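Visitor: My questions all concern the structure below.
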There are 2 protein chains.
Amino acid sequence: MWTWTGLFRTERVVFCMLFLLLLCCVGGKCELQETKPAASAELPTVNPIKPFDHGPQAFPEEERANLPVFTMDYPRIQVPFEFTLWILLASFAKIGFHIYHKITIWIPESCLLISIGLIVGGIMYSVKEEPPAVLSSNVFFLYMLPPIILDSGYFMPTRPFFENVGTVLWYAVVGTLWNSIGIGLSLFAICQFEVFGLQDINLQENLLFGAIISAVDPVAALNVFEDIGVNEQTYIVIFGEGLFNDAVTVVLYNMFSFLADLPIVESTDVFLGVARFFVVAAGGVLFGVLFGFVAAFTTRFTHNVRQIEPLFVFMYSYLAYLVAECFAISSVLALITCAITMKYYVEENVSQRSCTTIRHVVKMLGTVSETLIFFFLGVVTITTEHEWNWAYILFTLVFAFIWRGLGILVLSQIVNPFRTIPFNFKDQFGLAYGGLRGAICFALVFTLPDTINRKNLFVTASIAVIIFTVFIQGISIRPIVEYINIRKTNKDLMTINVEIHTRVMEHVVCGIEDLCGQWSHYYWKDKFKKFNDRILRRILLRDNRAESSIVSLYKKLELQNAIDILDTPMGDISAAPSLVSLRYVLFV
Amino acid sequence: MWTWTGLFRTERVVFCMLFLLLLCCVGGKCELQETKPAASAELPTVNPIKPFDHGPQAFPEEERANLPVFTMDYPRIQVPFEFTLWILLASFAKIGFHIYHKITIWIPESCLLISIGLIVGGIMYSVKEEPPAVLSSNVFFLYMLPPIILDSGYFMPTRPFFENVGTVLWYAVVGTLWNSIGIGLSLFAICQFEVFGLQDINLQENLLFGAIISAVDPVAALNVFEDIGVNEQTYIVIFGEGLFNDAVTVVLYNMFSFLADLPIVESTDVFLGVARFFVVAAGGVLFGVLFGFVAAFTTRFTHNVRQIEPLFVFMYSYLAYLVAECFAISSVLALITCAITMKYYVEENVSQRSCTTIRHVVKMLGTVSETLIFFFLGVVTITTEHEWNWAYILFTLVFAFIWRGLGILVLSQIVNPFRTIPFNFKDQFGLAYGGLRGAICFALVFTLPDTINRKNLFVTASIAVIIFTVFIQGISIRPIVEYINIRKTNKDLMTINVEIHTRVMEHVVCGIEDLCGQWSHYYWKDKFKKFNDRILRRILLRDNRAESSIVSLYKKLELQNAIDILDTPMGDISAAPSLVSLRYVLFV
């Protein structure tokens, strides 16, 4: 009818144009900045320190100027403006991938984001723009990492995690140690060959680099694994390993960077390192539990201020993270523990709307941070200084690959006898191949002190490993997993029936174990449940009438159903297979 | 059963202790900072520039130290940590008021927050702590004001607003001009008396001060009015006036602060000032509509990335605000227009969950900003430099009161003949008495250039007016309104029946007007509706099958109902007077 609205049928074209516009805007904004000093030499000089100073007072007294009808003051809004533009660009990229949905099936989003980052970095490099100031490692650790960790911790599948906690810790702690020391020593061996020109890198620096490069990233790996839908056990191990190797990495990083400056290493340092590991890990967990309980306790009182309820989840978990950072203990552990601890109680205390908001915002912030990190990773790859050494970088790639594979193989043989469902070779391959390196490794290498001579080489090697693992392994993992036919996910629809039967089984197993005198995790779970019902729930919940959790699950499912149906367009409602539709028909 | 859990029955006590702890923590944190330099003289000096530097490398080489097992690096986390603590403190205060619910009935929250701010300020002053750096006017305008304005704009009651738009603009534009010039001239007259020692304040400075002091604050006034529940007309006028006088205030502020430096004022400046007013107002609206449409258009494409959907609302409205700030046009107008424009389309495009999240987060950010502003207002009142002049401050108070009253009286007589429901004297009293000054006035006075000699006097006078209006008028308005029996709110439950009848009536009125050849806002509303259905909805909505808005209202009410019932504790469900309970019983 309206022919010109037909234009918008080709909405993808319009969208792409918007995106390209923004891309050029961000990449080329430097032009604006560079021409500005010249322009402002003619215009009245605006004093950037005085806020809300729209120019007039800054006129030189001797020159009579009229009241300006049109003024501009870019420096004042620069920081929030550019920050917003970056986020918008990243979000646009994300929308774009999903409009052309076929891309993301074969190429993981992380690869696409890095690629776009590379393009933007290229534009910035060609116009000699400095990389944005937001990309310091301080910004990464204080502002960009916490949302991702909160997302992981808050939506951590609790049951599979606690069922596999031993395996997860085994891989996280011993695996990371194995990788760090293995890679570090091998690279040190390579450095002894004169032909490569690497003799100035000593053992401590190699070990430090090994510690950095062995940090498996939860973000990069999970992105891929979630898409593929591998089985729960493999998924949770990769997930947990990525999250929990933080404690090991922090300790190793600190220890080796401390040792890197020393001529001789005393044995006390090694013992102190081990002691520090326990301080870092236990401290993180302790802070997390503490803040988690305080958060849960606070939400007892928020029923009159529903508007700010969700805030407490974010404030307390961020505080836990910050305090842990302050004392140099594992902030990632603190945040995860805090999220796991408070989740259960907070969600019972707050209103349904607040609960939806908390979940959505946690997911949203996590997604945005994640998107930005991959994007910036691409940008910084181009704009940073590099030192290229074929031998070192190739051997790093090879050793990272080999030690990871060996580690999983050996550690799985040790842990398999203790597991109910042992990891078969296919699973082990998935675990080894899924060990992608990502943003944490990237941020750690940038925090290296400048006293290390070959810092730039380490940076280049780390980026090479990240790009290699994310691109080559990330892209090839889906076809390989599908080819070797690895066990896929066995997710069921959550139904009340399943829930009831699982619980009955657990009670029975617990009872049998009690008779046999054996204490497995079912025993501890039962003990914790009792402790929880008798004490914790009384303290932390506002309405601690023990509402059966089966009923609350039922309510959750019903609400889910209601919302889903409301989201479907009108015509389909009567076709929806639910009692809600029945009610709808009855009522109308 | 467990006697020690009985302690927590006195949960209020525990909560208060938590709150006091936090209060002392924020107020007295300086102690920690002040003792730190002394302590760090003995400890290894930590370089605050190097991030993630947990101390070790900074050891002097000659001194052999072991690997530290326990380190601390407060400066690194200081900014986000203190920011989080401030928010937490403000949130705690808010919870506290609602636990002791009787307080907030008689004393508005804003007063209580200012009082707590005064206490914290007192603690900080006594230990000679600098006020936190967050309290610059730049932070206020770029970060703290936008959430409040977004909240106001997003939840603006559209129908009453557009029905009263003429009156609102009349009061906002002419009323603000009237107040500014009236107060400025009167104060200038006072300055001519030698006895007061104010001869050095010239006319321009007085007018500038008048412009600052006449900005009625939407936050302060609405806080009180919402509590009382005055009638819709009075409410929307106060609301609109507070929001829309921004354009006038910005222009007057710029003009007078430009003129304050000039010895003589030419007539062209006045004409340029008028021209600038139109640029500022029209530009703001234009940017707002533009960004609003782009935001709505973007959400057409977000159905595959539901996680980040809510983000676009915040990004685009913030961009609108920032761009407007950059060009020194009315950023408040831009943000309000953007919110009003996009709301309708965005809410149809996004999922139900995203919609809940958007609403909740908008409300949450607004509430937090508002709370923080009043709180900081109290803090800064104590910690800032003051210049006290009895005469100037008292006369400012008196003139602000008198001109406000006169203005409303005169302007109402002019506007009443054009209104369907004219303002009676009681309403006019409510309008005049509800003209509280608040945070905008406070932030504007801090942005005064230092070239103004008596800046400190202006600051003191502004704070005096704010405290006076918020405390005296804010506290007394409820008893007075109840005593003179002002028309209260006539809010009905929103039902489908009401909605249908209102629409039918509107159609009928529009038809009658068409026959009579008279064009009122019904005519324009009808025209816009047609334009909207034919063009805008086709472009901006993903699923532009014209779903009857009656049906969507029905769906909204049903979901509301479902959520409300799920929020009630189990025992009460069967008693809930809804079909949902019926279904529940049937199913169980």
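Starting from 1 in every chain, residues are counted up; chains themselves are A, B, ... following the order of the structure tokens, and ligands are numbered from 1 as listed.
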Counting only C-alpha atoms, what is within 9 Å of A:Ala296, bar same-chain residues fewer than 4 positions away, as a PyMOL selection string?

Guide: chain A and resi 291-292+300+312-313+341-347+349+540-541

Visitor: Keeping only N, CA and C atoms, write those residues as an mmCIF file, in the first residue's frame.

Guide:
data_model
loop_
_atom_site.group_PDB
_atom_site.id
_atom_site.type_symbol
_atom_site.label_atom_id
_atom_site.label_comp_id
_atom_site.auth_asym_id
_atom_site.auth_seq_id
_atom_site.Cartn_x
_atom_site.Cartn_y
_atom_site.Cartn_z
ATOM 1 N N PHE A 291 29.956 -12.749 52.324
ATOM 2 C CA PHE A 291 29.162 -11.744 51.628
ATOM 3 C C PHE A 291 27.850 -12.332 51.125
ATOM 4 N N GLY A 292 27.892 -13.589 50.734
ATOM 5 C CA GLY A 292 26.668 -14.231 50.278
ATOM 6 C C GLY A 292 25.618 -14.272 51.376
ATOM 7 N N ARG A 300 16.134 -10.050 53.395
ATOM 8 C CA ARG A 300 14.996 -10.277 54.304
ATOM 9 C C ARG A 300 14.182 -9.017 54.481
ATOM 10 N N PHE A 312 20.998 -5.300 45.496
ATOM 11 C CA PHE A 312 21.830 -5.893 46.539
ATOM 12 C C PHE A 312 22.648 -7.071 46.019
ATOM 13 N N VAL A 313 22.048 -7.831 45.117
ATOM 14 C CA VAL A 313 22.786 -8.948 44.535
ATOM 15 C C VAL A 313 24.066 -8.437 43.880
ATOM 16 N N THR A 341 26.190 -18.966 47.093
ATOM 17 C CA THR A 341 25.636 -18.929 48.441
ATOM 18 C C THR A 341 24.332 -18.158 48.498
ATOM 19 N N MET A 342 24.334 -16.960 47.876
ATOM 20 C CA MET A 342 23.153 -16.120 48.087
ATOM 21 C C MET A 342 21.989 -16.499 47.192
ATOM 22 N N LYS A 343 22.278 -17.079 46.036
ATOM 23 C CA LYS A 343 21.244 -17.264 45.026
ATOM 24 C C LYS A 343 19.968 -17.871 45.604
ATOM 25 N N TYR A 344 20.148 -18.993 46.278
ATOM 26 C CA TYR A 344 19.009 -19.760 46.756
ATOM 27 C C TYR A 344 18.135 -18.937 47.701
ATOM 28 N N TYR A 345 18.785 -18.253 48.650
ATOM 29 C CA TYR A 345 18.025 -17.497 49.642
ATOM 30 C C TYR A 345 17.444 -16.222 49.056
ATOM 31 N N VAL A 346 18.260 -15.533 48.255
ATOM 32 C CA VAL A 346 17.787 -14.273 47.678
ATOM 33 C C VAL A 346 16.553 -14.516 46.831
ATOM 34 N N GLU A 347 16.601 -15.561 46.017
ATOM 35 C CA GLU A 347 15.475 -15.789 45.116
ATOM 36 C C GLU A 347 14.198 -16.146 45.876
ATOM 37 N N ASN A 349 13.561 -14.736 48.857
ATOM 38 C CA ASN A 349 13.172 -13.522 49.559
ATOM 39 C C ASN A 349 12.552 -12.466 48.644
ATOM 40 N N LEU A 540 17.995 -16.491 57.348
ATOM 41 C CA LEU A 540 18.159 -15.738 56.106
ATOM 42 C C LEU A 540 16.864 -15.487 55.352
ATOM 43 N N LEU A 541 15.823 -16.257 55.631
ATOM 44 C CA LEU A 541 14.607 -16.063 54.861
ATOM 45 C C LEU A 541 13.586 -15.266 55.660
#

Visitor: Give me the residues near B:Ser137 as JSON, numbers by chain, where near means some atom within 7 Å (using only C-alpha atoms) and where sequence neighbours in that chain fewer than 4 positions away do not count.

Guide: {"A": [51], "B": [141, 443, 446, 447]}

Visitor: Okay, now the selection with all heavy atoms, as a compact mmCIF listing (two decimals), in the first residue's frame?

Guide:
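result_13.txt was written with the following content:
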# COMPACT_ATOMS: atom_id res chain seq x y z
N PRO A 51 33.37 22.32 34.43
CA PRO A 51 32.23 21.60 33.89
C PRO A 51 31.06 22.55 33.64
O PRO A 51 31.01 23.65 34.20
CB PRO A 51 31.90 20.62 35.01
CG PRO A 51 32.39 21.31 36.24
CD PRO A 51 33.47 22.24 35.87
N PHE B 141 25.67 15.88 36.44
CA PHE B 141 24.93 16.04 35.18
C PHE B 141 25.13 14.87 34.23
O PHE B 141 24.24 14.54 33.47
CB PHE B 141 25.33 17.34 34.49
CG PHE B 141 24.65 18.53 35.08
CD1 PHE B 141 25.35 19.45 35.83
CD2 PHE B 141 23.29 18.71 34.91
CE1 PHE B 141 24.72 20.53 36.41
CE2 PHE B 141 22.65 19.80 35.47
CZ PHE B 141 23.36 20.70 36.23
N ALA B 443 23.14 21.56 41.93
CA ALA B 443 24.24 21.27 41.00
C ALA B 443 24.59 22.50 40.17
O ALA B 443 25.75 22.75 39.87
CB ALA B 443 23.86 20.12 40.09
N PHE B 446 26.85 24.98 41.92
CA PHE B 446 28.25 24.56 42.03
C PHE B 446 29.01 24.74 40.73
O PHE B 446 30.24 24.78 40.72
CB PHE B 446 28.34 23.10 42.47
CG PHE B 446 28.38 22.96 43.96
CD1 PHE B 446 27.23 22.69 44.68
CD2 PHE B 446 29.57 23.14 44.64
CE1 PHE B 446 27.27 22.58 46.04
CE2 PHE B 446 29.61 23.04 46.01
CZ PHE B 446 28.45 22.77 46.72
N THR B 447 28.30 24.83 39.62
CA THR B 447 28.98 25.02 38.35
C THR B 447 29.26 26.49 38.06
O THR B 447 29.80 26.81 37.01
CB THR B 447 28.14 24.47 37.19
OG1 THR B 447 26.90 25.17 37.19
CG2 THR B 447 27.89 23.00 37.32

Visitor: What does the distance from atom CA of B:His98 to atom CA of A:Val305 come to in Å, to one decimal?

Guide: 7.3 Å

Visitor: Apply DSSP to the backbone of this structure and, from stretch 325-534 of chain B, keep only the residues in alpha helix (DSSP H); write these as a PDB file with C-alpha atoms, in the first residue's frame.

Guide:
ATOM      1  CA  GLU B 325      24.789  17.817  26.507  1.00  0.00           C
ATOM      2  CA  CYS B 326      27.569  18.003  23.970  1.00  0.00           C
ATOM      3  CA  SER B 331      19.509  17.194  27.522  1.00  0.00           C
ATOM      4  CA  VAL B 332      16.605  16.653  29.874  1.00  0.00           C
ATOM      5  CA  LEU B 333      14.124  17.332  27.075  1.00  0.00           C
ATOM      6  CA  ALA B 334      16.068  15.027  24.762  1.00  0.00           C
ATOM      7  CA  LEU B 335      16.001  12.186  27.254  1.00  0.00           C
ATOM      8  CA  ILE B 336      12.325  12.597  28.104  1.00  0.00           C
ATOM      9  CA  THR B 337      11.309  12.756  24.458  1.00  0.00           C
ATOM     10  CA  CYS B 338      13.449   9.741  23.652  1.00  0.00           C
ATOM     11  CA  ALA B 339      11.877   7.738  26.466  1.00  0.00           C
ATOM     12  CA  ILE B 340       8.321   8.698  25.525  1.00  0.00           C
ATOM     13  CA  THR B 341       8.957   8.013  21.849  1.00  0.00           C
ATOM     14  CA  MET B 342      10.507   4.609  22.170  1.00  0.00           C
ATOM     15  CA  LYS B 343       8.555   3.214  25.093  1.00  0.00           C
ATOM     16  CA  TYR B 344       5.475   2.211  23.158  1.00  0.00           C
ATOM     17  CA  TYR B 345       7.306   0.498  20.308  1.00  0.00           C
ATOM     18  CA  VAL B 346      10.068  -1.049  22.370  1.00  0.00           C
ATOM     19  CA  GLU B 347       7.620  -2.660  24.748  1.00  0.00           C
ATOM     20  CA  GLU B 348       5.798  -4.287  21.861  1.00  0.00           C
ATOM     21  CA  ASN B 349       9.010  -5.526  20.271  1.00  0.00           C
ATOM     22  CA  GLN B 352       7.769 -10.044  28.380  1.00  0.00           C
ATOM     23  CA  ARG B 353      10.827 -10.724  30.517  1.00  0.00           C
ATOM     24  CA  SER B 354      12.832  -7.969  28.880  1.00  0.00           C
ATOM     25  CA  CYS B 355       9.944  -5.616  29.417  1.00  0.00           C
ATOM     26  CA  THR B 356       9.834  -6.428  33.131  1.00  0.00           C
ATOM     27  CA  THR B 357      13.589  -6.021  33.336  1.00  0.00           C
ATOM     28  CA  ILE B 358      13.564  -2.675  31.553  1.00  0.00           C
ATOM     29  CA  ARG B 359      10.876  -1.300  33.825  1.00  0.00           C
ATOM     30  CA  HIS B 360      12.464  -2.608  36.949  1.00  0.00           C
ATOM     31  CA  VAL B 361      15.958  -1.432  36.092  1.00  0.00           C
ATOM     32  CA  VAL B 362      14.772   2.016  35.020  1.00  0.00           C
ATOM     33  CA  LYS B 363      12.952   2.344  38.312  1.00  0.00           C
ATOM     34  CA  MET B 364      15.892   0.950  40.251  1.00  0.00           C
ATOM     35  CA  LEU B 365      18.502   3.243  38.716  1.00  0.00           C
ATOM     36  CA  GLY B 366      16.201   6.218  39.153  1.00  0.00           C
ATOM     37  CA  THR B 367      15.584   5.404  42.790  1.00  0.00           C
ATOM     38  CA  VAL B 368      19.259   4.897  43.540  1.00  0.00           C
ATOM     39  CA  SER B 369      20.314   8.127  41.842  1.00  0.00           C
ATOM     40  CA  GLU B 370      17.610  10.033  43.637  1.00  0.00           C
ATOM     41  CA  THR B 371      18.582   8.553  46.984  1.00  0.00           C
ATOM     42  CA  LEU B 372      22.241   9.279  46.422  1.00  0.00           C
ATOM     43  CA  ILE B 373      21.572  12.863  45.375  1.00  0.00           C
ATOM     44  CA  PHE B 374      19.655  13.761  48.512  1.00  0.00           C
ATOM     45  CA  PHE B 375      22.196  11.951  50.580  1.00  0.00           C
ATOM     46  CA  PHE B 376      25.113  13.798  48.956  1.00  0.00           C
ATOM     47  CA  LEU B 377      23.219  17.051  49.295  1.00  0.00           C
ATOM     48  CA  GLY B 378      23.357  16.551  53.029  1.00  0.00           C
ATOM     49  CA  VAL B 379      27.030  15.597  52.970  1.00  0.00           C
ATOM     50  CA  VAL B 380      28.092  18.559  50.856  1.00  0.00           C
ATOM     51  CA  THR B 381      26.068  20.986  52.938  1.00  0.00           C
ATOM     52  CA  ILE B 382      28.476  20.279  55.782  1.00  0.00           C
ATOM     53  CA  THR B 383      31.716  19.873  53.903  1.00  0.00           C
ATOM     54  CA  TRP B 390      21.614  37.026  56.933  1.00  0.00           C
ATOM     55  CA  ALA B 391      19.994  39.623  54.754  1.00  0.00           C
ATOM     56  CA  TYR B 392      20.693  38.010  51.397  1.00  0.00           C
ATOM     57  CA  ILE B 393      19.692  34.544  52.497  1.00  0.00           C
ATOM     58  CA  LEU B 394      16.528  35.607  54.274  1.00  0.00           C
ATOM     59  CA  PHE B 395      15.438  37.800  51.393  1.00  0.00           C
ATOM     60  CA  THR B 396      16.170  34.993  48.952  1.00  0.00           C
ATOM     61  CA  LEU B 397      13.890  32.719  50.943  1.00  0.00           C
ATOM     62  CA  VAL B 398      11.167  35.322  51.133  1.00  0.00           C
ATOM     63  CA  PHE B 399      11.326  36.300  47.465  1.00  0.00           C
ATOM     64  CA  ALA B 400      11.477  32.698  46.282  1.00  0.00           C
ATOM     65  CA  PHE B 401       8.298  32.064  48.249  1.00  0.00           C
ATOM     66  CA  ILE B 402       6.484  35.252  47.232  1.00  0.00           C
ATOM     67  CA  TRP B 403       7.299  35.164  43.532  1.00  0.00           C
ATOM     68  CA  ARG B 404       6.364  31.541  43.304  1.00  0.00           C
ATOM     69  CA  GLY B 405       3.003  32.229  44.913  1.00  0.00           C
ATOM     70  CA  LEU B 406       2.327  35.318  42.833  1.00  0.00           C
ATOM     71  CA  GLY B 407       3.403  33.552  39.657  1.00  0.00           C
ATOM     72  CA  ILE B 408       1.046  30.630  40.153  1.00  0.00           C
ATOM     73  CA  LEU B 409      -1.796  32.965  41.056  1.00  0.00           C
ATOM     74  CA  VAL B 410      -1.373  35.188  37.998  1.00  0.00           C
ATOM     75  CA  LEU B 411      -0.552  32.421  35.529  1.00  0.00           C
ATOM     76  CA  SER B 412      -3.498  30.310  36.691  1.00  0.00           C
ATOM     77  CA  GLN B 413      -5.920  33.176  36.105  1.00  0.00           C
ATOM     78  CA  ILE B 414      -4.654  33.409  32.547  1.00  0.00           C
ATOM     79  CA  VAL B 415      -4.675  29.687  31.806  1.00  0.00           C
ATOM     80  CA  PHE B 425      -7.635  28.140  44.764  1.00  0.00           C
ATOM     81  CA  LYS B 426      -6.807  25.016  46.676  1.00  0.00           C
ATOM     82  CA  ASP B 427      -5.094  23.508  43.622  1.00  0.00           C
ATOM     83  CA  GLN B 428      -3.218  26.740  43.097  1.00  0.00           C
ATOM     84  CA  PHE B 429      -2.061  26.664  46.669  1.00  0.00           C
ATOM     85  CA  GLY B 430      -0.857  23.084  46.131  1.00  0.00           C
ATOM     86  CA  LEU B 431       1.006  24.124  42.991  1.00  0.00           C
ATOM     87  CA  ALA B 432       2.665  27.051  44.711  1.00  0.00           C
ATOM     88  CA  TYR B 433       3.493  25.210  47.896  1.00  0.00           C
ATOM     89  CA  ALA B 439      19.204  18.816  43.305  1.00  0.00           C
ATOM     90  CA  ILE B 440      19.258  20.654  39.957  1.00  0.00           C
ATOM     91  CA  CYS B 441      19.453  24.010  41.691  1.00  0.00           C
ATOM     92  CA  PHE B 442      22.181  22.594  43.900  1.00  0.00           C
ATOM     93  CA  ALA B 443      24.242  21.271  41.000  1.00  0.00           C
ATOM     94  CA  LEU B 444      23.827  24.449  38.965  1.00  0.00           C
ATOM     95  CA  VAL B 445      25.112  26.674  41.715  1.00  0.00           C
ATOM     96  CA  PHE B 446      28.249  24.558  42.029  1.00  0.00           C
ATOM     97  CA  LYS B 455      30.016  32.416  44.658  1.00  0.00           C
ATOM     98  CA  ASN B 456      30.163  31.044  48.199  1.00  0.00           C
ATOM     99  CA  LEU B 457      27.294  33.286  49.219  1.00  0.00           C
ATOM    100  CA  PHE B 458      25.226  32.006  46.316  1.00  0.00           C
ATOM    101  CA  VAL B 459      26.048  28.434  47.275  1.00  0.00           C
ATOM    102  CA  THR B 460      25.007  29.033  50.867  1.00  0.00           C
ATOM    103  CA  ALA B 461      21.813  30.795  49.827  1.00  0.00           C
ATOM    104  CA  SER B 462      20.886  27.988  47.434  1.00  0.00           C
ATOM    105  CA  ILE B 463      21.465  25.336  50.042  1.00  0.00           C
ATOM    106  CA  ALA B 464      19.393  27.355  52.493  1.00  0.00           C
ATOM    107  CA  VAL B 465      16.515  27.554  50.028  1.00  0.00           C
ATOM    108  CA  ILE B 466      16.738  23.844  49.244  1.00  0.00           C
ATOM    109  CA  ILE B 467      16.867  22.783  52.873  1.00  0.00           C
ATOM    110  CA  PHE B 468      14.072  25.192  53.766  1.00  0.00           C
ATOM    111  CA  GLY B 474       8.036  19.091  52.409  1.00  0.00           C
ATOM    112  CA  ILE B 475       7.043  18.151  55.935  1.00  0.00           C
ATOM    113  CA  SER B 476       4.150  20.569  56.285  1.00  0.00           C
ATOM    114  CA  ILE B 477       2.590  19.955  52.882  1.00  0.00           C
ATOM    115  CA  ARG B 478       0.872  16.739  53.870  1.00  0.00           C
ATOM    116  CA  PRO B 479      -0.971  18.084  56.921  1.00  0.00           C
ATOM    117  CA  ILE B 480      -1.875  21.266  55.044  1.00  0.00           C
ATOM    118  CA  VAL B 481      -3.168  19.435  51.984  1.00  0.00           C
ATOM    119  CA  GLU B 482      -5.188  17.154  54.218  1.00  0.00           C
ATOM    120  CA  TYR B 483      -6.490  20.082  56.234  1.00  0.00           C
ATOM    121  CA  ILE B 484      -7.639  22.243  53.315  1.00  0.00           C
ATOM    122  CA  ILE B 496     -10.622  -3.346  30.319  1.00  0.00           C
ATOM    123  CA  ASN B 497     -14.059  -1.901  30.783  1.00  0.00           C
ATOM    124  CA  VAL B 498     -12.699   1.562  31.588  1.00  0.00           C
ATOM    125  CA  GLU B 499     -10.257   1.368  28.717  1.00  0.00           C
ATOM    126  CA  ILE B 500     -12.944   0.468  26.171  1.00  0.00           C
ATOM    127  CA  HIS B 501     -15.289   3.214  27.314  1.00  0.00           C
ATOM    128  CA  THR B 502     -12.588   5.855  27.333  1.00  0.00           C
ATOM    129  CA  ARG B 503     -11.703   5.002  23.767  1.00  0.00           C
ATOM    130  CA  VAL B 504     -15.277   5.039  22.570  1.00  0.00           C
ATOM    131  CA  MET B 505     -15.759   8.444  24.190  1.00  0.00           C
ATOM    132  CA  GLU B 506     -12.647   9.760  22.516  1.00  0.00           C
ATOM    133  CA  HIS B 507     -13.798   8.592  19.125  1.00  0.00           C
ATOM    134  CA  VAL B 508     -17.185  10.196  19.669  1.00  0.00           C
ATOM    135  CA  VAL B 509     -15.714  13.506  20.817  1.00  0.00           C
ATOM    136  CA  CYS B 510     -13.365  13.485  17.871  1.00  0.00           C
ATOM    137  CA  GLY B 511     -16.260  12.895  15.489  1.00  0.00           C
ATOM    138  CA  ILE B 512     -18.327  15.670  17.027  1.00  0.00           C
ATOM    139  CA  GLU B 513     -15.412  18.060  16.838  1.00  0.00           C
ATOM    140  CA  ASP B 514     -14.878  17.160  13.217  1.00  0.00           C
ATOM    141  CA  LEU B 515     -18.509  18.010  12.510  1.00  0.00           C
ATOM    142  CA  CYS B 516     -18.210  21.320  14.358  1.00  0.00           C
ATOM    143  CA  HIS B 521      -6.195  17.602  20.921  1.00  0.00           C
ATOM    144  CA  TYR B 522      -8.646  14.795  20.221  1.00  0.00           C
ATOM    145  CA  TYR B 523      -8.402  15.627  16.547  1.00  0.00           C
ATOM    146  CA  TRP B 524      -4.630  15.552  16.610  1.00  0.00           C
ATOM    147  CA  LYS B 525      -4.616  12.394  18.646  1.00  0.00           C
ATOM    148  CA  ASP B 526      -6.791  10.711  16.038  1.00  0.00           C
ATOM    149  CA  LYS B 527      -4.592  11.937  13.205  1.00  0.00           C
ATOM    150  CA  PHE B 528      -1.491  10.705  14.989  1.00  0.00           C
ATOM    151  CA  LYS B 529      -3.106   7.337  15.622  1.00  0.00           C
ATOM    152  CA  LYS B 530      -3.762   6.921  11.918  1.00  0.00           C
ATOM    153  CA  PHE B 531      -0.242   7.984  10.997  1.00  0.00           C
TER     154      PHE B 531
END

Visitor: What's around stretch 165-173 of chain A at 12 Å? Count only C-alpha atoms, leave out sequence neighbours fewer than 5 positions away in its own chain, and write the answer as a PyMOL selection string.

Guide: chain A and resi 157-160+178-180+214-218+233-252+274+277-278+281+404+407-423+428+431-432+435+520-521

Visitor: What's the separation between atom CA of B:Asn561 and atom CA of A:Ile550, in Å to one decimal place?

Guide: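 Distance reported for this atom pair: 22.0 Å.
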
Visitor: Would you please work out which residue, of B:Ile181, B:Leu113, B:Leu198, B:Met255, is nearest to B:Asp269 when using only C-alpha atoms?

Guide: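 The closest residue to B:Asp269 is B:Met255.
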
Visitor: Tell me, in Å to one decimal, how far atom CA of A:Leu448 is from atom CA of A:Tyr253.

Guide: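 Atom CA of A:Leu448 sits 9.3 Å away from atom CA of A:Tyr253.
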
Visitor: Given the choices A:Ser115, A:Thr104, A:Asn206, A:Gln473, which gets closest to chain B if the distance is worked out from only C-alpha atoms?

Guide: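 So, comparing all the options, the nearest one is A:Thr104.
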
Visitor: Let me make sure I understand: among A:Phe225, A:Tyr74, A:Phe81, A:Phe297, which one has the smallest atom-to-atom distance to B:Ser317 if we use only C-alpha atoms?

Guide: A:Phe81

Visitor: Calculated over only C-alpha atoms, which of the candidates B:Thr176, B:Thr384, B:Asn164, B:Ser257 has the smallest distance to chain A?

Guide: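 Checking each of B:Thr176, B:Thr384, B:Asn164, B:Ser257 against chain A, counting only C-alpha atoms, the winner is B:Ser257.
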
Visitor: My list of candidates is B:Leu112, B:Ala211, B:Ile308, B:Leu557. Which is closest to chain A when distances are computed with only C-alpha atoms?

Guide: B:Ile308

Visitor: Residues at most 9 Å from A:Ile99, counting only C-alpha atoms, excluding those fewer than 5 positions away in the same chain, as a VMD selection string?

Guide: (chain A and resid 12 94) or (chain B and resid 301 to 302 304)
